[in-house]
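Q: Once you've had a glance at the structure underneath, I'll fire off some questions.
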Amino acid sequence: MSTTTKDISREKSAELFEKAKQYFPGGVNSPVRAFKSVYGTPLFIERGDKAHLWDADGNEFIDFCCSWGPLILGHNNDNIREAVTAQLSKGLSFGAPTQLENKLAELILSNNKHIEKIRFVSSGTEAVMSAIRLARGYTKRDKIVKFEGCYHGHSDSLLVKAGSGLVTFGETSSAGVPQAFAAETIVIALNDREALQEVFSTYKDEIAAVIIEGIPANNGLLIQDKDYVQYLRQITKDNGALLIFDEVITGFRLGFNGAATYYDIQPDILTYGKIIGGGMPVGAYGASNEIMAHISPDGGVYQAGTLSGNPVAMAAGIAALSILAQPGFYERLEEVTTAFVNELRQYIQEKGYGVKIFTVGSIFWFAFTDQEHIKRADEIDPASMEKYKVMHRALLNKGIYFGPSGYEVGFISHAHTAEDLAVSIKAIKESLDIVYQ
């Protein structure tokens, strides 16, 4: 591939990657980090500050991955760093209650109309796994319905035709998941009312819950029509099944009330992660008092975790959400994102390039397509990812960091300055020129 920019040095990162292969499967601790679907070896990151990253070779980047979404305030935020540092002097973990848990829970519940009680865990995967168990315990049913292209973590019940990393590697499920587990999970396409009707007609009294990403953002940005999501709410209610909104990405990214308010519906159970820990490992699930009463020690649905409510993560989350709760925060961030996307769209239209940018809130996604809407996983052309590979390499060479897969979305943070965005717009335009040269 010819480019107008010399490739950045990855010598040190390449050395580290070769060493990492001796320690970790594929040299990484999460598959998409292996850069299998883009050019070159993974970049080993040394540090981040505000909207910028530096790798082991000293390359500097403007970051639109934002640690896959949670860094809505950017890297090394002063408030979060000070809160974490203060807690470090008191202790890292106690395996016992702390008032920090109360404080973060109150901050979330007092600003989120969709849940009455919450349980903190250590990751989004754990939150969703626990929510599924809760739904089964509450309804006394076993089957779960999920949607192709929605990714809900790597628990056995949900690792069936999942999105993101699995699509990148061309797999539709994972080895090691017992067939009996997969048989309890029904997978259907998004945006298909007939499929929903057929599922509930066939398994009416067996379905514990339907789970959907608030706005599917792990396998492209598949924004659903409001009437379809409201229909999903109605059909679950009519059939005694629960509706679970996986808002690990969209929760506190679109606003405190997330996609549930965006679609104006009340899910039965919601899961969160990413942002609520201010960059620290954390997840949570919540629901009404009635449903959450089924969780141990109040009820018979068991779930526990030594690091649940970890005080360092709680301190980081309090610092982060206290800023996000300020009036106008989300409105300003969406305005910045809309202006950023619109300038790129205008350039794309002028050039006649076959690429669309889909966006909601401060999330955006480049799709190399002529389609005006993409609402289902099977509407994404796998061959289009070759164009993303070219774009990704060109962007790295110009100091712009995007996720290493064309199925991944981008994020704008509060730390992105006007200058950051102007530089990035110029680089993206030039990178698109390379793609279509």
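Residue numbering restarts at 1 in every chain; chains get A, B, ... in the order shown in the structure tokens, and ligands count up from 1 in that same order.
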Considering only C-alpha atoms, give me a table of residues in region 289-342 of chain A that are at most 7 Å from region 135-148 of chain A, with the closest atom pair and distance in Å for each, as JSON lines.

A:
```
{"residue": "A:Ile291", "atom": "CA", "partner": "A:Tyr138", "partner_atom": "CA", "distance": 6.8}
{"residue": "A:His294", "atom": "CA", "partner": "A:Tyr138", "partner_atom": "CA", "distance": 6.7}
{"residue": "A:Val301", "atom": "CA", "partner": "A:Gly137", "partner_atom": "CA", "distance": 6.0}
```

Q: Write the residues you've just listed into a file as a CSV table (one decimal), in the first residue's frame, and include C-alpha atoms for each of them.

A:
```
chain,number,residue,atom,x,y,z
A,291,ILE,CA,-36.6,-7.7,41.2
A,294,HIS,CA,-34.2,-11.8,44.6
A,301,VAL,CA,-30.2,-15.8,43.4
```

Q: As a PyMOL selection string, please: the residues near Leu88 (chain A) (cut-off 12 Å, only C-alpha atoms, same-chain neighbours under 2 positions excluded).

A: chain A and resi 81-86+90-93+310-316

Q: For the strand (DSSP E or B) assignment from backbone DSSP, which residues of region 205-368 of chain A qualify? Please present them as number ranges by chain.

A: A: 207-213, 242-246, 269-273, 283-287, 295, 301, 356-360, 363-367

Q: Save the residues we just selected, C-alpha atoms, as a PDB file, in the first residue's frame?

A:
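To be explicit, this is the file written out as result.pdb:
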```
ATOM      1  CA  ILE A 207     -38.247 -17.254  27.876  1.00  0.00           C
ATOM      2  CA  ALA A 208     -36.799 -15.612  30.972  1.00  0.00           C
ATOM      3  CA  ALA A 209     -35.513 -12.502  29.244  1.00  0.00           C
ATOM      4  CA  VAL A 210     -34.584 -10.747  26.055  1.00  0.00           C
ATOM      5  CA  ILE A 211     -31.248  -8.950  26.205  1.00  0.00           C
ATOM      6  CA  ILE A 212     -30.145  -6.187  23.873  1.00  0.00           C
ATOM      7  CA  GLU A 213     -27.407  -3.574  23.941  1.00  0.00           C
ATOM      8  CA  LEU A 242     -37.976  -9.506  31.300  1.00  0.00           C
ATOM      9  CA  LEU A 243     -36.205  -6.981  29.102  1.00  0.00           C
ATOM     10  CA  ILE A 244     -32.529  -6.506  29.900  1.00  0.00           C
ATOM     11  CA  PHE A 245     -30.734  -3.445  28.564  1.00  0.00           C
ATOM     12  CA  ASP A 246     -26.988  -3.975  28.379  1.00  0.00           C
ATOM     13  CA  ILE A 269     -32.880  -4.938  34.398  1.00  0.00           C
ATOM     14  CA  LEU A 270     -30.009  -2.703  33.291  1.00  0.00           C
ATOM     15  CA  THR A 271     -26.303  -3.444  33.266  1.00  0.00           C
ATOM     16  CA  TYR A 272     -23.532  -0.862  33.407  1.00  0.00           C
ATOM     17  CA  GLY A 273     -19.759  -0.703  33.275  1.00  0.00           C
ATOM     18  CA  GLY A 283     -19.544  -3.072  36.478  1.00  0.00           C
ATOM     19  CA  ALA A 284     -23.033  -2.945  37.937  1.00  0.00           C
ATOM     20  CA  TYR A 285     -26.552  -4.184  37.417  1.00  0.00           C
ATOM     21  CA  GLY A 286     -29.749  -2.666  38.712  1.00  0.00           C
ATOM     22  CA  ALA A 287     -33.519  -2.996  38.646  1.00  0.00           C
ATOM     23  CA  ILE A 295     -30.482 -11.254  44.935  1.00  0.00           C
ATOM     24  CA  VAL A 301     -30.175 -15.781  43.395  1.00  0.00           C
ATOM     25  CA  LYS A 356     -21.041   6.778   6.061  1.00  0.00           C
ATOM     26  CA  ILE A 357     -20.565   8.027   9.609  1.00  0.00           C
ATOM     27  CA  PHE A 358     -23.253   6.931  12.037  1.00  0.00           C
ATOM     28  CA  THR A 359     -23.424   8.727  15.364  1.00  0.00           C
ATOM     29  CA  VAL A 360     -25.366   8.983  18.600  1.00  0.00           C
ATOM     30  CA  ILE A 363     -20.218   7.791  19.835  1.00  0.00           C
ATOM     31  CA  PHE A 364     -19.507   7.509  16.112  1.00  0.00           C
ATOM     32  CA  TRP A 365     -18.699   4.776  13.575  1.00  0.00           C
ATOM     33  CA  PHE A 366     -17.189   4.772  10.105  1.00  0.00           C
ATOM     34  CA  ALA A 367     -18.945   2.340   7.773  1.00  0.00           C
TER      35      ALA A 367
END
```

Q: Pick out the residues sitting within 10 Å of Ser123 (chain A), and hand them over as a list of chain:residue names; count only C-alpha atoms, and ignore anything fewer than 3 positions along from it in its own chain.

A: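 In the requested form, the answer reads A:Phe120, A:Glu126, A:Ala127, A:Val128, A:Met129, A:Gly153, A:Val248, A:Tyr272, A:Gly273, A:Lys274, A:Gly277, A:Met280, A:Pro281, A:Val282, A:Gly283, A:Ala284, A:Ser308.
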
Q: Extract, using only C-alpha atoms, all DNA, RNA and protein residues at most 10 Å from region 393-403 of chain A, discarding same-chain residues fewer than 3 positions from it, and format them as an NGL selection string.

A: :A and (1-9 or 32-33 or 35 or 38-40 or 43 or 52-54 or 59-68 or 388-390 or 406-411 or 420 or 423-435)
